[in-house]
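Visitor: So here's model_32.cif (mmCIF, C-alpha atoms).
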```cif
data_model
#
loop_
_atom_site.group_PDB
_atom_site.id
_atom_site.type_symbol
_atom_site.label_atom_id
_atom_site.label_comp_id
_atom_site.auth_asym_id
_atom_site.auth_seq_id
_atom_site.Cartn_x
_atom_site.Cartn_y
_atom_site.Cartn_z
ATOM 1 C CA MET A 1 -30.741 68.484 -17.142
ATOM 2 C CA LYS A 2 -27.947 69.649 -14.893
ATOM 3 C CA PRO A 3 -25.014 67.226 -14.639
ATOM 4 C CA LEU A 4 -25.116 64.996 -11.572
ATOM 5 C CA THR A 5 -22.131 63.702 -9.658
ATOM 6 C CA GLU A 6 -21.738 60.129 -8.495
ATOM 7 C CA ARG A 7 -22.348 61.261 -4.912
ATOM 8 C CA GLU A 8 -25.539 63.143 -5.865
ATOM 9 C CA ILE A 9 -26.805 60.067 -7.714
ATOM 10 C CA ARG A 10 -26.053 57.654 -4.863
ATOM 11 C CA THR A 11 -27.791 59.853 -2.272
ATOM 12 C CA ALA A 12 -30.829 60.429 -4.518
ATOM 13 C CA PHE A 13 -32.162 56.849 -4.492
ATOM 14 C CA VAL A 14 -35.649 56.706 -3.007
ATOM 15 C CA ASN A 15 -36.412 52.989 -3.267
ATOM 16 C CA CYS A 16 -33.351 51.185 -1.967
ATOM 17 C CA THR A 17 -31.271 51.234 1.190
ATOM 18 C CA LYS A 18 -28.223 53.457 1.619
ATOM 19 C CA GLY A 19 -26.072 50.322 1.558
ATOM 20 C CA GLU A 20 -27.588 49.171 -1.741
ATOM 21 C CA ALA A 21 -27.132 52.647 -3.222
ATOM 22 C CA LYS A 22 -23.495 52.620 -2.121
ATOM 23 C CA ARG A 23 -22.835 49.249 -3.794
ATOM 24 C CA LEU A 24 -24.692 49.716 -7.079
ATOM 25 C CA SER A 25 -22.851 50.400 -10.316
ATOM 26 C CA VAL A 26 -22.837 54.079 -11.404
ATOM 27 C CA PRO A 27 -21.537 54.933 -14.910
ATOM 28 C CA ARG A 28 -17.891 55.979 -14.930
ATOM 29 C CA ASP A 29 -18.386 58.325 -17.903
ATOM 30 C CA LEU A 30 -20.661 60.874 -16.207
ATOM 31 C CA ALA A 31 -18.572 63.790 -17.525
ATOM 32 C CA ASP A 32 -19.049 62.545 -21.111
ATOM 33 C CA ARG A 33 -22.838 62.199 -20.983
ATOM 34 C CA PRO A 34 -24.922 64.575 -23.169
ATOM 35 C CA TRP A 35 -26.509 66.291 -20.142
ATOM 36 C CA ASP A 36 -28.088 69.090 -22.210
ATOM 37 C CA ASP A 37 -30.073 66.458 -24.123
ATOM 38 C CA LEU A 38 -31.147 64.402 -21.097
ATOM 39 C CA ASP A 39 -34.369 64.542 -19.125
ATOM 40 C CA PHE A 40 -33.003 61.726 -16.983
ATOM 41 C CA LEU A 41 -29.874 59.627 -16.801
ATOM 42 C CA GLY A 42 -30.665 55.958 -17.294
ATOM 43 C CA TRP A 43 -28.299 52.994 -17.313
ATOM 44 C CA ARG A 44 -28.211 49.220 -17.070
ATOM 45 C CA ASP A 45 -25.917 47.515 -14.575
ATOM 46 C CA PRO A 46 -23.148 45.757 -16.543
ATOM 47 C CA ARG A 47 -22.657 43.245 -13.706
ATOM 48 C CA ALA A 48 -26.371 42.458 -13.302
ATOM 49 C CA PRO A 49 -28.312 42.601 -16.602
ATOM 50 C CA ASP A 50 -31.667 42.439 -14.787
ATOM 51 C CA ARG A 51 -30.973 45.721 -12.974
ATOM 52 C CA ALA A 52 -31.328 49.254 -14.281
ATOM 53 C CA TYR A 53 -31.284 52.682 -12.707
ATOM 54 C CA LEU A 54 -32.430 56.175 -13.498
ATOM 55 C CA ALA A 55 -31.683 59.555 -11.987
ATOM 56 C CA THR A 56 -33.309 62.909 -12.663
ATOM 57 C CA VAL A 57 -33.957 66.258 -11.064
ATOM 58 C CA LEU A 58 -37.519 66.917 -9.856
ATOM 59 C CA ASP A 59 -38.495 70.125 -8.117
ATOM 60 C CA GLY A 60 -34.833 71.118 -7.999
ATOM 61 C CA ARG A 61 -33.732 67.942 -6.184
ATOM 62 C CA PRO A 62 -32.101 64.791 -7.574
ATOM 63 C CA LYS A 63 -34.231 61.640 -7.427
ATOM 64 C CA ALA A 64 -33.109 58.181 -8.460
ATOM 65 C CA LEU A 65 -34.810 54.804 -8.829
ATOM 66 C CA ALA A 66 -33.549 51.256 -8.763
ATOM 67 C CA LEU A 67 -35.350 49.140 -11.365
ATOM 68 C CA ARG A 68 -35.644 45.465 -12.218
ATOM 69 C CA CYS A 69 -36.029 44.427 -15.823
ATOM 70 C CA PRO A 70 -36.131 41.117 -17.644
ATOM 71 C CA GLY A 71 -33.111 39.862 -19.526
ATOM 72 C CA SER A 72 -33.387 39.550 -23.274
ATOM 73 C CA ALA A 73 -35.722 36.818 -24.408
ATOM 74 C CA THR A 74 -37.261 35.724 -27.680
ATOM 75 C CA TRP A 75 -40.690 37.108 -26.753
ATOM 76 C CA GLN A 76 -39.197 40.608 -26.658
ATOM 77 C CA THR A 77 -38.918 40.707 -30.444
ATOM 78 C CA ARG A 78 -42.494 41.941 -30.697
ATOM 79 C CA ARG A 79 -43.233 45.623 -31.193
ATOM 80 C CA GLY A 80 -43.856 47.750 -28.113
ATOM 81 C CA MET A 81 -44.133 51.397 -27.127
ATOM 82 C CA CYS A 82 -42.321 53.158 -24.312
ATOM 83 C CA SER A 83 -44.738 54.689 -21.805
ATOM 84 C CA ILE A 84 -42.295 57.487 -21.001
ATOM 85 C CA CYS A 85 -41.264 58.862 -24.421
ATOM 86 C CA LEU A 86 -43.850 57.132 -26.670
ATOM 87 C CA THR A 87 -41.195 55.670 -28.970
ATOM 88 C CA GLY A 88 -42.114 52.390 -30.648
ATOM 89 C CA HIS A 89 -39.502 49.645 -30.831
ATOM 90 C CA THR A 90 -39.263 46.114 -32.092
ATOM 91 C CA GLY A 91 -37.707 44.271 -29.180
ATOM 92 C CA GLY A 92 -36.522 47.492 -27.539
ATOM 93 C CA VAL A 93 -39.129 48.004 -24.812
ATOM 94 C CA SER A 94 -38.969 46.312 -21.403
ATOM 95 C CA LEU A 95 -41.187 46.245 -18.370
ATOM 96 C CA MET A 96 -39.207 48.164 -15.748
ATOM 97 C CA VAL A 97 -40.319 47.401 -12.212
ATOM 98 C CA ALA A 98 -39.426 49.630 -9.270
ATOM 99 C CA PRO A 99 -39.883 48.596 -5.658
ATOM 100 C CA LYS A 100 -42.044 51.192 -3.932
ATOM 101 C CA ALA A 101 -40.307 53.560 -1.545
ATOM 102 C CA GLY A 102 -40.572 53.125 2.216
ATOM 103 C CA LYS A 103 -42.596 50.548 4.092
ATOM 104 C CA ALA A 104 -44.601 49.538 1.004
ATOM 105 C CA GLY A 105 -41.391 48.552 -0.777
ATOM 106 C CA GLN A 106 -40.147 46.660 2.259
ATOM 107 C CA GLN A 107 -43.393 44.673 2.096
ATOM 108 C CA GLY A 108 -42.636 43.743 -1.524
ATOM 109 C CA ASN A 109 -44.914 46.207 -3.325
ATOM 110 C CA SER A 110 -43.724 47.510 -6.672
ATOM 111 C CA VAL A 111 -44.774 49.629 -9.645
ATOM 112 C CA GLY A 112 -43.953 48.947 -13.278
ATOM 113 C CA THR A 113 -43.959 50.729 -16.609
ATOM 114 C CA TYR A 114 -42.832 49.924 -20.128
ATOM 115 C CA MET A 115 -39.679 51.845 -21.030
ATOM 116 C CA CYS A 116 -37.027 51.891 -23.725
ATOM 117 C CA SER A 117 -34.748 48.973 -22.829
ATOM 118 C CA ASP A 118 -31.641 51.140 -23.214
ATOM 119 C CA LEU A 119 -33.209 53.977 -21.156
ATOM 120 C CA SER A 120 -32.394 56.492 -23.910
ATOM 121 C CA CYS A 121 -35.850 58.079 -24.016
ATOM 122 C CA SER A 122 -34.459 61.625 -24.020
ATOM 123 C CA LEU A 123 -32.305 60.924 -27.063
ATOM 124 C CA TYR A 124 -35.164 59.287 -29.003
ATOM 125 C CA VAL A 125 -37.481 62.247 -28.337
ATOM 126 C CA ARG A 126 -34.848 64.720 -29.565
ATOM 127 C CA GLY A 127 -33.962 62.640 -32.644
ATOM 128 C CA ARG A 128 -30.378 62.081 -31.389
ATOM 129 C CA LYS A 129 -30.883 58.324 -31.461
ATOM 130 C CA ASP A 130 -32.853 56.338 -34.036
ATOM 131 C CA ALA A 131 -35.074 53.446 -33.019
ATOM 132 C CA GLY A 132 -35.691 52.425 -36.631
ATOM 133 C CA ALA A 133 -38.426 52.850 -39.194
ATOM 134 C CA GLY A 134 -41.831 53.739 -37.749
ATOM 135 C CA ALA A 135 -40.463 54.261 -34.247
ATOM 136 C CA ARG A 136 -41.696 57.831 -33.944
ATOM 137 C CA VAL A 137 -45.176 58.605 -35.207
ATOM 138 C CA HIS A 138 -45.687 62.034 -36.749
ATOM 139 C CA GLU A 139 -47.170 64.442 -34.233
ATOM 140 C CA SER A 140 -48.244 68.042 -34.628
ATOM 141 C CA ILE A 141 -46.804 69.097 -31.260
ATOM 142 C CA THR A 142 -43.448 70.838 -30.915
ATOM 143 C CA LEU A 143 -40.232 69.286 -29.654
ATOM 144 C CA GLU A 144 -40.576 71.294 -26.428
ATOM 145 C CA GLU A 145 -44.057 69.829 -25.892
ATOM 146 C CA LYS A 146 -42.726 66.305 -26.492
ATOM 147 C CA ILE A 147 -39.963 66.939 -23.949
ATOM 148 C CA ARG A 148 -42.471 68.271 -21.386
ATOM 149 C CA ARG A 149 -44.667 65.197 -21.968
ATOM 150 C CA THR A 150 -41.694 62.892 -21.441
ATOM 151 C CA GLU A 151 -40.764 64.728 -18.236
ATOM 152 C CA ALA A 152 -44.391 64.553 -17.023
ATOM 153 C CA ASN A 153 -44.617 60.813 -17.762
ATOM 154 C CA LEU A 154 -41.393 60.201 -15.847
ATOM 155 C CA ALA A 155 -42.534 62.378 -12.926
ATOM 156 C CA ALA A 156 -45.823 60.428 -12.789
ATOM 157 C CA PHE A 157 -43.933 57.130 -12.634
ATOM 158 C CA ILE A 158 -41.660 58.420 -9.854
ATOM 159 C CA ALA A 159 -44.744 59.693 -7.980
ATOM 160 C CA LYS A 160 -46.235 56.161 -8.086
ATOM 161 C CA VAL A 161 -42.998 54.741 -6.676
ATOM 162 C CA THR A 162 -42.840 57.277 -3.853
ATOM 163 C CA ALA A 163 -46.595 57.279 -3.012
#
```
How does the structure come out when it is put into structure tokens?
Guide:
Amino acid sequence: MKPLTEREIRTAFVNCTKGEAKRLSVPRDLADRPWDDLDFLGWRDPRAPDRAYLATVLDGRPKALALRCPGSATWQTRRGMCSICLTGHTGGVSLMVAPKAGKAGQQGNSVGTYMCSDLSCSLYVRGRKDAGAGARVHESITLEEKIRRTEANLAAFIAKVTA
């Protein structure tokens, strides 16, 4: 993924107002992120633990989503699988809910998917981060195919938000 600037990220949000995008918390360490290993940049808001964000490049243009996610709770200790990267976690998968873009979102409609709670899907797929024993099932497809699948799953989620 090409590195994104704070300005590119803020202007890429498709499911919140310009004012909300201006006020939300963007990581200060953008220059230090492993951009070559990322399919998307994901982060949790340190000031609001129930908020998360992701930014990616689709069709050559940055796109970003504002997400809502539950805080940590005891029920989250069960095993779950991320719908984006297909990594299994014990207590590390959350339902991420995105308000739909446009009028549908203004009416309260939303779309959800189960994702890695730390939004590090790209790093799990590439083996740069370990989710623990049994997190990644053995597959006969190549790393490039796993990356393409992750990108396709993310693009499908974004398409549901923007539909």
Visitor: Spell out the residues picked by the PyMOL selection byres ((chain A and resi 62) around 9) here, as a PyMOL selection string.
Guide: chain A and resi 4+8-9+11-13+55-61+63-64
Visitor: Applying 10 Å and all atoms listed in the file, which residues near stretch 102-119 of chain A remain after dropping the ones on its own chain fewer than 6 positions away? List them as a ChimeraX atom specification.
Guide: /A:14-17,40-44,52-54,67-72,80-89,91-96,131,154,157-158,160-163
Visitor: Determine the residue membership of the PyMOL selection byres ((chain A and resi 136) around 9) for the file above and supply it as a short mmCIF file (atom, residue, chain, number, x, y, z; two decimals) with C-alpha atoms, in the coordinates of the input.
Guide:
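Output saved as result-v6.cif:
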```cif
data_model
loop_
_atom_site.label_atom_id
_atom_site.label_comp_id
_atom_site.auth_asym_id
_atom_site.auth_seq_id
_atom_site.Cartn_x
_atom_site.Cartn_y
_atom_site.Cartn_z
CA LEU A 86 -43.85 57.13 -26.67
CA THR A 87 -41.20 55.67 -28.97
CA GLY A 88 -42.11 52.39 -30.65
CA TYR A 124 -35.16 59.29 -29.00
CA VAL A 125 -37.48 62.25 -28.34
CA ASP A 130 -32.85 56.34 -34.04
CA ALA A 131 -35.07 53.45 -33.02
CA GLY A 132 -35.69 52.42 -36.63
CA ALA A 133 -38.43 52.85 -39.19
CA GLY A 134 -41.83 53.74 -37.75
CA ALA A 135 -40.46 54.26 -34.25
CA VAL A 137 -45.18 58.60 -35.21
CA HIS A 138 -45.69 62.03 -36.75
CA GLU A 139 -47.17 64.44 -34.23
#
```
Visitor: Taking all atoms listed in the file into account, which of A:Lys129, A:Arg23, A:Arg51, A:Arg78 comes nearest A:Val97?
Guide: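 Answer, going by the shortest atom-to-atom distance: A:Arg51.
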Visitor: Give as a PyMOL selection string the residues that the PyMOL selection byres ((chain A and resi 141-145) around 12) matches when applied to the coordinates above.
Guide: chain A and resi 37+39+85+122-127+137-140+146-152
